[in-house]
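run29.cif follows (mmCIF, C-alpha atoms and all ligand atoms):
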data_structure
#
loop_
_atom_site.group_PDB
_atom_site.id
_atom_site.type_symbol
_atom_site.label_atom_id
_atom_site.label_comp_id
_atom_site.auth_asym_id
_atom_site.auth_seq_id
_atom_site.Cartn_x
_atom_site.Cartn_y
_atom_site.Cartn_z
ATOM 1 C CA MET I 3 0.000 0.000 0.000
ATOM 2 C CA VAL I 4 1.402 3.391 -0.982
ATOM 3 C CA PRO I 5 -0.507 6.539 -0.099
ATOM 4 C CA ILE I 6 1.091 9.412 -2.016
ATOM 5 C CA HIS I 7 0.433 13.111 -1.482
ATOM 6 C CA LEU I 8 1.659 15.647 -3.985
ATOM 7 C CA SER I 9 1.163 19.398 -3.953
ATOM 8 C CA LEU I 10 1.988 21.217 -7.178
ATOM 9 C CA HIS I 11 2.332 24.423 -5.170
ATOM 10 C CA GLU I 12 5.142 23.445 -2.850
ATOM 11 C CA PRO I 13 8.009 25.948 -2.452
ATOM 12 C CA ALA I 14 11.003 25.667 -4.779
ATOM 13 C CA ASP I 15 13.147 23.811 -2.227
ATOM 14 C CA HIS I 16 10.600 21.029 -2.396
ATOM 15 C CA ASP I 17 11.123 20.588 -6.131
ATOM 16 C CA ARG I 18 13.436 17.645 -5.619
ATOM 17 C CA VAL I 19 10.926 15.986 -3.285
ATOM 18 C CA ASN I 20 8.115 16.602 -5.760
ATOM 19 C CA SER I 21 10.275 15.268 -8.560
ATOM 20 C CA THR I 22 10.747 12.028 -6.605
ATOM 21 C CA LEU I 23 7.006 11.865 -5.947
ATOM 22 C CA LEU I 24 6.243 12.468 -9.621
ATOM 23 C CA LYS I 25 8.536 9.590 -10.532
ATOM 24 C CA LYS I 26 6.670 7.370 -8.028
ATOM 25 C CA ILE I 27 3.332 8.464 -9.449
ATOM 26 C CA SER I 28 4.518 7.849 -12.977
ATOM 27 C CA ASP I 29 5.636 4.308 -12.018
ATOM 28 C CA VAL I 30 2.333 3.594 -10.303
ATOM 29 C CA LEU I 31 0.356 4.867 -13.314
ATOM 30 C CA LEU I 32 2.378 2.634 -15.638
ATOM 31 C CA ARG I 33 1.593 -0.439 -13.523
ATOM 32 C CA SER I 34 -2.090 0.320 -12.902
ATOM 33 C CA LYS I 35 -4.851 -1.175 -15.032
ATOM 34 C CA ARG I 36 -8.066 -0.389 -13.138
ATOM 35 C CA ILE I 37 -7.890 3.207 -11.949
ATOM 36 C CA ILE I 38 -10.685 4.987 -10.106
ATOM 37 C CA PHE I 39 -10.704 8.797 -10.288
ATOM 38 C CA ILE I 40 -12.711 10.960 -7.904
ATOM 39 C CA THR I 41 -12.586 14.598 -8.930
ATOM 40 C CA GLY I 42 -13.924 17.976 -7.842
ATOM 41 C CA ALA I 43 -14.031 21.651 -8.783
ATOM 42 C CA GLY I 44 -10.250 22.094 -8.524
ATOM 43 C CA ILE I 45 -9.675 20.306 -11.829
ATOM 44 C CA SER I 46 -11.756 22.897 -13.711
ATOM 45 C CA ARG I 47 -10.146 26.009 -12.230
ATOM 46 C CA SER I 48 -7.541 26.309 -14.969
ATOM 47 C CA SER I 49 -10.427 26.139 -17.475
ATOM 48 C CA GLY I 50 -11.727 29.375 -15.964
ATOM 49 C CA ILE I 51 -14.483 27.786 -13.878
ATOM 50 C CA PRO I 52 -14.153 29.021 -10.306
ATOM 51 C CA ASP I 53 -14.477 26.505 -7.502
ATOM 52 C CA PHE I 54 -17.101 26.932 -4.814
ATOM 53 C CA ARG I 55 -15.523 27.686 -1.469
ATOM 54 C CA SER I 56 -12.252 29.563 -2.052
ATOM 55 C CA PRO I 57 -12.159 33.404 -1.755
ATOM 56 C CA GLY I 58 -12.478 33.771 -5.549
ATOM 57 C CA GLY I 59 -14.997 30.955 -5.727
ATOM 58 C CA ILE I 60 -18.573 30.897 -6.918
ATOM 59 C CA TYR I 61 -20.053 31.302 -3.439
ATOM 60 C CA HIS I 62 -18.335 34.676 -3.111
ATOM 61 C CA THR I 63 -18.541 36.105 -6.617
ATOM 62 C CA SER I 64 -22.055 35.349 -7.846
ATOM 63 C CA LYS I 65 -23.892 38.433 -9.153
ATOM 64 C CA SER I 66 -26.785 37.579 -6.844
ATOM 65 C CA HIS I 67 -24.619 38.784 -3.947
ATOM 66 C CA LYS I 68 -25.278 42.326 -5.121
ATOM 67 C CA ILE I 69 -28.996 41.856 -4.508
ATOM 68 C CA PRO I 70 -30.169 42.802 -0.988
ATOM 69 C CA GLY I 71 -31.363 39.695 0.832
ATOM 70 C CA ALA I 72 -29.702 37.434 -1.739
ATOM 71 C CA LEU I 73 -28.818 33.868 -0.816
ATOM 72 C CA LEU I 74 -25.231 33.531 0.312
ATOM 73 C CA GLY I 75 -22.609 30.800 0.118
ATOM 74 C CA ARG I 76 -23.830 27.238 -0.057
ATOM 75 C CA ASP I 77 -27.461 28.385 0.471
ATOM 76 C CA VAL I 78 -27.510 29.137 -3.268
ATOM 77 C CA PHE I 79 -27.151 25.401 -3.793
ATOM 78 C CA SER I 80 -29.643 24.403 -1.107
ATOM 79 C CA ALA I 81 -32.872 22.609 -1.981
ATOM 80 C CA HIS I 82 -34.599 25.398 -0.027
ATOM 81 C CA SER I 83 -33.640 27.834 -2.809
ATOM 82 C CA MET I 84 -36.372 26.176 -4.910
ATOM 83 C CA GLU I 85 -39.078 26.794 -2.323
ATOM 84 C CA ASN I 86 -40.040 30.390 -3.111
ATOM 85 C CA SER I 87 -40.009 32.491 -6.255
ATOM 86 C CA ASN I 88 -37.401 34.994 -5.044
ATOM 87 C CA SER I 89 -34.720 32.480 -4.042
ATOM 88 C CA ARG I 90 -35.573 30.304 -7.049
ATOM 89 C CA SER I 91 -34.950 33.284 -9.360
ATOM 90 C CA GLN I 92 -31.572 33.848 -7.716
ATOM 91 C CA PHE I 93 -30.698 30.190 -8.207
ATOM 92 C CA TYR I 94 -31.713 30.288 -11.876
ATOM 93 C CA CYS I 95 -29.606 33.447 -12.468
ATOM 94 C CA PHE I 96 -26.686 31.825 -10.711
ATOM 95 C CA ILE I 97 -26.913 28.668 -12.807
ATOM 96 C CA ALA I 98 -27.300 30.726 -16.003
ATOM 97 C CA ASP I 99 -24.057 32.593 -15.235
ATOM 98 C CA LEU I 100 -22.255 29.335 -14.514
ATOM 99 C CA LYS I 101 -23.546 27.644 -17.658
ATOM 100 C CA THR I 102 -22.548 30.625 -19.805
ATOM 101 C CA LEU I 103 -19.054 30.384 -18.335
ATOM 102 C CA ALA I 104 -18.912 26.616 -18.907
ATOM 103 C CA ASP I 105 -20.183 26.969 -22.497
ATOM 104 C CA GLY I 106 -17.119 29.072 -23.319
ATOM 105 C CA ALA I 107 -14.644 26.897 -21.382
ATOM 106 C CA GLN I 108 -12.412 24.116 -22.630
ATOM 107 C CA PRO I 109 -11.286 21.035 -20.680
ATOM 108 C CA SER I 110 -8.202 21.526 -18.514
ATOM 109 C CA PRO I 111 -4.947 19.540 -18.794
ATOM 110 C CA THR I 112 -6.305 17.389 -15.953
ATOM 111 C CA HIS I 113 -9.391 16.407 -17.976
ATOM 112 C CA HIS I 114 -7.092 15.484 -20.878
ATOM 113 C CA PHE I 115 -4.808 13.578 -18.503
ATOM 114 C CA ILE I 116 -7.761 11.458 -17.334
ATOM 115 C CA ASP I 117 -8.905 11.000 -20.929
ATOM 116 C CA SER I 118 -5.434 9.900 -22.046
ATOM 117 C CA LEU I 119 -5.353 7.188 -19.352
ATOM 118 C CA GLY I 120 -8.825 6.167 -20.497
ATOM 119 C CA THR I 121 -7.724 5.728 -24.083
ATOM 120 C CA GLN I 122 -4.845 3.562 -22.804
ATOM 121 C CA GLY I 123 -7.452 1.267 -21.213
ATOM 122 C CA LYS I 124 -6.340 2.074 -17.669
ATOM 123 C CA ILE I 125 -9.475 3.641 -16.240
ATOM 124 C CA LEU I 126 -12.178 1.664 -14.508
ATOM 125 C CA ARG I 127 -14.262 4.749 -13.739
ATOM 126 C CA SER I 128 -13.998 8.485 -13.233
ATOM 127 C CA TYR I 129 -16.477 9.871 -10.701
ATOM 128 C CA THR I 130 -16.859 13.629 -10.819
ATOM 129 C CA GLN I 131 -18.626 16.029 -8.496
ATOM 130 C CA ASN I 132 -18.396 18.713 -11.156
ATOM 131 C CA ILE I 133 -21.482 19.982 -12.945
ATOM 132 C CA ASP I 134 -19.713 22.036 -15.624
ATOM 133 C CA GLY I 135 -19.829 19.290 -18.291
ATOM 134 C CA LEU I 136 -16.122 19.577 -19.164
ATOM 135 C CA GLU I 137 -15.737 15.803 -18.838
ATOM 136 C CA LYS I 138 -18.113 15.414 -21.768
ATOM 137 C CA LYS I 139 -16.174 17.987 -23.810
ATOM 138 C CA ALA I 140 -12.987 16.032 -23.098
ATOM 139 C CA GLY I 141 -14.669 12.879 -24.424
ATOM 140 C CA LEU I 142 -14.904 11.110 -21.066
ATOM 141 C CA LEU I 143 -18.581 10.275 -21.478
ATOM 142 C CA ASN I 144 -18.013 8.543 -24.794
ATOM 143 C CA GLN I 145 -17.363 4.932 -23.755
ATOM 144 C CA ASP I 146 -16.633 3.793 -27.320
ATOM 145 C CA ARG I 147 -13.239 5.484 -27.039
ATOM 146 C CA TYR I 148 -12.252 3.362 -24.057
ATOM 147 C CA ILE I 149 -12.674 -0.251 -25.064
ATOM 148 C CA SER I 150 -10.132 -2.260 -23.123
ATOM 149 C CA SER I 151 -9.439 -5.962 -23.062
ATOM 150 C CA GLU I 152 -8.370 -5.619 -19.414
ATOM 151 C CA ILE I 153 -11.827 -4.601 -18.213
ATOM 152 C CA PRO I 154 -14.863 -6.919 -18.583
ATOM 153 C CA SER I 155 -17.605 -5.844 -20.954
ATOM 154 C CA THR I 156 -20.093 -5.431 -18.065
ATOM 155 C CA SER I 157 -18.117 -2.438 -16.895
ATOM 156 C CA ARG I 158 -18.197 -0.708 -20.257
ATOM 157 C CA SER I 159 -20.912 1.733 -19.281
ATOM 158 C CA SER I 160 -19.805 5.364 -19.373
ATOM 159 C CA LYS I 161 -16.290 5.782 -18.031
ATOM 160 C CA CYS I 162 -17.416 8.973 -16.312
ATOM 161 C CA VAL I 163 -20.159 9.254 -13.712
ATOM 162 C CA GLU I 164 -21.486 12.741 -13.034
ATOM 163 C CA LEU I 165 -22.417 12.359 -9.370
ATOM 164 C CA HIS I 166 -24.304 15.638 -9.129
ATOM 165 C CA GLY I 167 -25.769 16.034 -12.626
ATOM 166 C CA ASN I 168 -24.734 18.815 -14.986
ATOM 167 C CA ILE I 169 -25.822 22.328 -15.852
ATOM 168 C CA HIS I 170 -26.352 21.560 -19.524
ATOM 169 C CA SER I 171 -29.567 19.668 -18.941
ATOM 170 C CA VAL I 172 -32.840 20.431 -17.207
ATOM 171 C CA ARG I 173 -35.545 18.239 -15.732
ATOM 172 C CA CYS I 174 -39.205 18.696 -14.936
ATOM 173 C CA THR I 175 -40.091 19.363 -11.294
ATOM 174 C CA LEU I 176 -43.172 17.124 -11.648
ATOM 175 C CA CYS I 177 -42.638 14.365 -14.226
ATOM 176 C CA SER I 178 -38.786 14.368 -14.211
ATOM 177 C CA SER I 179 -38.585 14.465 -18.033
ATOM 178 C CA LYS I 180 -35.118 15.566 -19.081
ATOM 179 C CA TYR I 181 -34.174 18.057 -21.804
ATOM 180 C CA GLU I 182 -31.100 19.846 -23.039
ATOM 181 C CA CYS I 183 -30.796 23.361 -21.598
ATOM 182 C CA THR I 184 -31.408 25.233 -24.863
ATOM 183 C CA ALA I 185 -30.573 28.883 -25.554
ATOM 184 C CA GLU I 186 -34.232 29.722 -24.973
ATOM 185 C CA ILE I 187 -34.326 28.032 -21.547
ATOM 186 C CA LEU I 188 -30.971 29.613 -20.661
ATOM 187 C CA ALA I 189 -32.269 33.087 -21.598
ATOM 188 C CA ARG I 190 -35.193 32.583 -19.210
ATOM 189 C CA PHE I 191 -32.837 31.439 -16.434
ATOM 190 C CA HIS I 192 -30.805 34.625 -16.965
ATOM 191 C CA LYS I 193 -33.991 36.574 -16.242
ATOM 192 C CA GLY I 194 -34.659 34.440 -13.173
ATOM 193 C CA ASP I 195 -37.543 32.594 -14.837
ATOM 194 C CA GLY I 196 -38.151 28.919 -15.485
ATOM 195 C CA SER I 197 -39.817 27.274 -18.513
ATOM 196 C CA LYS I 198 -42.864 25.023 -18.570
ATOM 197 C CA CYS I 199 -42.271 21.316 -19.214
ATOM 198 C CA PRO I 200 -43.200 20.296 -22.803
ATOM 199 C CA GLU I 201 -44.117 16.759 -21.669
ATOM 200 C CA CYS I 202 -46.528 18.073 -19.021
ATOM 201 C CA LEU I 203 -48.025 20.519 -21.557
ATOM 202 C CA THR I 204 -48.612 17.653 -23.991
ATOM 203 C CA ARG I 205 -50.377 15.632 -21.284
ATOM 204 C CA VAL I 206 -52.560 18.628 -20.420
ATOM 205 C CA GLU I 207 -53.631 18.925 -24.073
ATOM 206 C CA GLN I 208 -54.341 15.194 -24.305
ATOM 207 C CA ARG I 209 -56.489 15.339 -21.175
ATOM 208 C CA LYS I 210 -58.381 18.286 -22.600
ATOM 209 C CA MET I 211 -59.151 16.239 -25.730
ATOM 210 C CA TYR I 212 -60.555 13.408 -23.618
ATOM 211 C CA ARG I 213 -62.352 15.869 -21.301
ATOM 212 C CA LYS I 214 -60.402 14.647 -18.275
ATOM 213 C CA HIS I 215 -59.629 16.721 -15.165
ATOM 214 C CA PRO I 216 -56.795 19.193 -15.753
ATOM 215 C CA ILE I 217 -53.381 18.398 -14.225
ATOM 216 C CA SER I 218 -50.536 20.657 -13.095
ATOM 217 C CA VAL I 219 -47.645 21.572 -15.368
ATOM 218 C CA GLY I 220 -44.118 21.200 -14.030
ATOM 219 C CA MET I 221 -41.273 23.660 -14.547
ATOM 220 C CA LEU I 222 -37.880 22.849 -16.030
ATOM 221 C CA ARG I 223 -35.126 23.229 -13.438
ATOM 222 C CA PRO I 224 -31.363 22.717 -13.757
ATOM 223 C CA ASP I 225 -30.613 18.989 -13.544
ATOM 224 C CA VAL I 226 -28.090 19.341 -10.737
ATOM 225 C CA LEU I 227 -28.125 17.928 -7.230
ATOM 226 C CA LEU I 228 -28.729 20.459 -4.463
ATOM 227 C CA TYR I 229 -27.794 20.162 -0.794
ATOM 228 C CA GLU I 230 -30.455 18.388 1.306
ATOM 229 C CA GLU I 231 -31.948 16.904 -1.837
ATOM 230 C CA HIS I 232 -32.547 13.252 -2.742
ATOM 231 C CA ASN I 233 -30.195 12.261 -5.546
ATOM 232 C CA PRO I 234 -32.408 11.043 -8.425
ATOM 233 C CA VAL I 235 -29.525 8.936 -9.768
ATOM 234 C CA GLY I 236 -28.304 7.862 -6.308
ATOM 235 C CA GLU I 237 -29.292 4.207 -6.729
ATOM 236 C CA GLU I 238 -27.687 4.023 -10.167
ATOM 237 C CA VAL I 239 -24.478 5.464 -8.739
ATOM 238 C CA LEU I 240 -24.458 2.984 -5.844
ATOM 239 C CA LYS I 241 -24.947 0.113 -8.302
ATOM 240 C CA GLN I 242 -22.029 1.381 -10.375
ATOM 241 C CA ILE I 243 -19.807 1.694 -7.314
ATOM 242 C CA LYS I 244 -20.633 -1.897 -6.281
ATOM 243 C CA GLN I 245 -19.797 -3.154 -9.769
ATOM 244 C CA ASP I 246 -16.498 -1.272 -9.736
ATOM 245 C CA LEU I 247 -15.600 -2.552 -6.260
ATOM 246 C CA ALA I 248 -16.163 -6.105 -7.510
ATOM 247 C CA LEU I 249 -13.607 -5.498 -10.267
ATOM 248 C CA HIS I 250 -10.873 -4.741 -7.690
ATOM 249 C CA PRO I 251 -9.581 -1.281 -8.645
ATOM 250 C CA ASP I 252 -5.807 -1.053 -8.261
ATOM 251 C CA LEU I 253 -5.368 2.722 -7.960
ATOM 252 C CA LEU I 254 -7.488 5.483 -6.451
ATOM 253 C CA ILE I 255 -6.771 9.050 -7.540
ATOM 254 C CA ILE I 256 -8.524 11.963 -5.853
ATOM 255 C CA MET I 257 -8.065 15.355 -7.471
ATOM 256 C CA GLY I 258 -9.411 18.858 -6.961
ATOM 257 C CA THR I 259 -11.724 18.115 -4.063
ATOM 258 C CA SER I 260 -11.630 18.826 -0.351
ATOM 259 C CA LEU I 261 -13.987 15.851 0.226
ATOM 260 C CA ARG I 262 -16.557 17.911 2.108
ATOM 261 C CA ILE I 263 -19.557 15.987 0.763
ATOM 262 C CA PRO I 264 -20.280 13.050 3.133
ATOM 263 C CA GLU I 265 -21.454 10.699 0.350
ATOM 264 C CA VAL I 266 -18.246 11.300 -1.611
ATOM 265 C CA LYS I 267 -16.139 10.803 1.495
ATOM 266 C CA LYS I 268 -17.946 7.500 2.084
ATOM 267 C CA MET I 269 -17.290 6.457 -1.525
ATOM 268 C CA VAL I 270 -13.570 7.206 -1.138
ATOM 269 C CA LYS I 271 -13.497 5.087 2.009
ATOM 270 C CA SER I 272 -15.260 2.189 0.252
ATOM 271 C CA PHE I 273 -12.727 2.156 -2.580
ATOM 272 C CA ALA I 274 -9.740 2.582 -0.282
ATOM 273 C CA VAL I 275 -10.905 -0.180 2.062
ATOM 274 C CA SER I 276 -11.605 -2.512 -0.870
ATOM 275 C CA MET I 277 -7.998 -2.055 -1.889
ATOM 276 C CA LYS I 278 -7.033 -3.210 1.619
ATOM 277 C CA VAL I 279 -5.490 0.134 2.418
ATOM 278 C CA SER I 280 -7.356 0.991 5.617
ATOM 279 C CA SER I 281 -4.497 3.113 6.978
ATOM 280 C CA GLY I 282 -4.367 4.905 3.646
ATOM 281 C CA ALA I 283 -8.102 5.483 3.866
ATOM 282 C CA ARG I 284 -7.745 7.053 7.280
ATOM 283 C CA ASN I 285 -4.934 9.179 5.958
ATOM 284 C CA ILE I 286 -7.041 10.378 3.035
ATOM 285 C CA LEU I 287 -10.087 11.051 5.166
ATOM 286 C CA SER I 288 -8.281 12.867 7.943
ATOM 287 C CA ARG I 289 -6.696 15.322 5.522
ATOM 288 C CA ASP I 290 -9.581 17.308 4.129
ATOM 289 C CA ARG I 291 -7.125 19.835 2.834
ATOM 290 C CA ASP I 292 -3.481 20.752 2.905
ATOM 291 C CA PRO I 293 -3.179 22.719 6.172
ATOM 292 C CA LYS I 294 -0.455 24.950 4.687
ATOM 293 C CA GLN I 295 -2.839 25.948 1.924
ATOM 294 C CA SER I 296 -6.027 26.270 3.970
ATOM 295 C CA GLN I 297 -6.520 29.955 3.113
ATOM 296 C CA ASN I 298 -5.682 29.407 -0.540
ATOM 297 C CA PRO I 299 -6.524 25.895 -1.668
ATOM 298 C CA PRO I 300 -4.239 24.648 -4.446
ATOM 299 C CA GLU I 301 -5.606 24.297 -7.925
ATOM 300 C CA ILE I 302 -4.724 20.657 -7.985
ATOM 301 C CA TRP I 303 -4.167 18.523 -4.908
ATOM 302 C CA ILE I 304 -3.474 14.956 -5.823
ATOM 303 C CA ARG I 305 -3.912 12.077 -3.409
ATOM 304 C CA LEU I 306 -3.218 8.637 -4.717
ATOM 305 C CA THR I 307 -3.662 5.385 -2.925
ATOM 306 C CA THR I 308 -2.594 2.220 -4.582
ATOM 307 C CA ALA I 309 -2.809 -1.447 -3.790
ATOM 308 C CA VAL I 310 -0.130 -2.391 -6.307
HETATM 309 ZN ZN ZN E 1 -43.168 17.509 -16.790
#
Just dump the structure as structure tokens.
Ligand SMILES: [Zn+2]
Amino acid sequence: MVPIHLSLHEPADHDRVNSTLLKKISDVLLRSKRIIFITGAGISRSSGIPDFRSPGGIYHTSKSHKIPGALLGRDVFSAHSMENSNSRSQFYCFIADLKTLADGAQPSPTHHFIDSLGTQGKILRSYTQNIDGLEKKAGLLNQDRYISSEIPSTSRSSKCVELHGNIHSVRCTLCSSKYECTAEILARFHKGDGSKCPECLTRVEQRKMYRKHPISVGMLRPDVLLYEEHNPVGEEVLKQIKQDLALHPDLLIIMGTSLRIPEVKKMVKSFAVSMKVSSGARNILSRDRDPKQSQNPPEIWIRLTTAV
């Protein structure tokens, strides 16, 4: 078992140490055949997408902060923001700004790094907490690119799992129908408004034709997971994790996340323990962040734990 911690922002006198660590990481990557990635907002920062919690992050720079009484910090991403029209409008504006930013962004070197390991047949799965959709732009959601003889065909579902949805799709608040977030829907979000669900509207018309009682029409909301909200794809994700655990991953790489989300922390522990690296798991879980960088989290903070 080899837990490895590497900061790319260490002072110059640590260059030699980092160089040794990079060599170790390179060796481990060469040997590994079933890698699990768990990534967070840090891997998109160099693409121009701010993270959430740092001083320059989304929680502190959203335009909605200029509005008196606006939601602050993580409350923007709370399920409660959907409960009244004022906070819902703020949430829609916030998501519209973020989507506009993501539409103009390109995948970072880290996304390409993950993709390159995928095309070499080394990745079992990449789980991302990010909602910016840059994994898709990098090709990570296209499983046809990652056929590998090392990994059984049952595991050839998408190489990337978006744990918290993405801002490029919307879903109905009533019937859960999913749609692409079109320019028209985005323009309404920018104004703080939602759009009516086409599927619900169709059902309303059909019921009218058959003279049935009218039903409500749902609104299209961003298809992202909010705090205190049930994850609509939670069971699917758990099933995927179980399948991946059964395939005995040989390397766990955690990048760009402070592991603040309990479910993600639990997932990390499951993978680490399955690799029989319980001490490594404790090490990972007890170090939410690099203490030296606590006021200025590094863009990329790599933690690798390997069973090989
Ligand atoms: Zn609907």
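CA of Thr259 (chain I) is found 22.1 Å from CA of Ser34 (chain I).
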Each residue of chain I lying at most 6 Å from ligand ZN 1 (chain E) should get a row with its shortest atom-to-atom pair and the distance in Å to one decimal, counting only C-alpha atoms and all ligand atoms; could you produce that, ordered by chain and increasing number, as JSON lines?
{"residue": "I:Cys174", "atom": "CA", "partner": "E:ZN1", "partner_atom": "ZN", "distance": 4.5}
{"residue": "I:Leu176", "atom": "CA", "partner": "E:ZN1", "partner_atom": "ZN", "distance": 5.2}
{"residue": "I:Cys177", "atom": "CA", "partner": "E:ZN1", "partner_atom": "ZN", "distance": 4.1}
{"residue": "I:Ser178", "atom": "CA", "partner": "E:ZN1", "partner_atom": "ZN", "distance": 6.0}
{"residue": "I:Ser179", "atom": "CA", "partner": "E:ZN1", "partner_atom": "ZN", "distance": 5.6}
{"residue": "I:Cys199", "atom": "CA", "partner": "E:ZN1", "partner_atom": "ZN", "distance": 4.6}
{"residue": "I:Glu201", "atom": "CA", "partner": "E:ZN1", "partner_atom": "ZN", "distance": 5.0}
{"residue": "I:Cys202", "atom": "CA", "partner": "E:ZN1", "partner_atom": "ZN", "distance": 4.1}
{"residue": "I:Gly220", "atom": "CA", "partner": "E:ZN1", "partner_atom": "ZN", "distance": 4.7}
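CA of Val219 (chain I) is found 8.9 Å from CA of Thr175 (chain I).
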Item to complete: Find the residues near Leu100 (chain I): any atom within 8 Å, counting all atoms listed in the file, skip ones fewer than 4 places away on the same chain, and give them as JSON, numbers by chain.
Response: {"I": [51, 96, 104, 134, 169]}
Discussion item. Need to verify the contact set: Arg223 (chain I), 12 Å, all atoms listed in the file, exclusion of same-chain residues closer than 4 positions in sequence. Can you return it as a PyMOL selection string?
Written reply: chain I and resi 81+83-84+90-91+93-95+97-98+167-183+187-188+190-191+194-199+227-228
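CA of Gly44 (chain I) is positioned 16.2 Å from CA of Lys267 (chain I).
Nearest residue to Ser128 (chain I), choosing from I:Lys244, I:Arg205, I:Arg47, I:Arg36 and counting only C-alpha atoms: I:Arg36.
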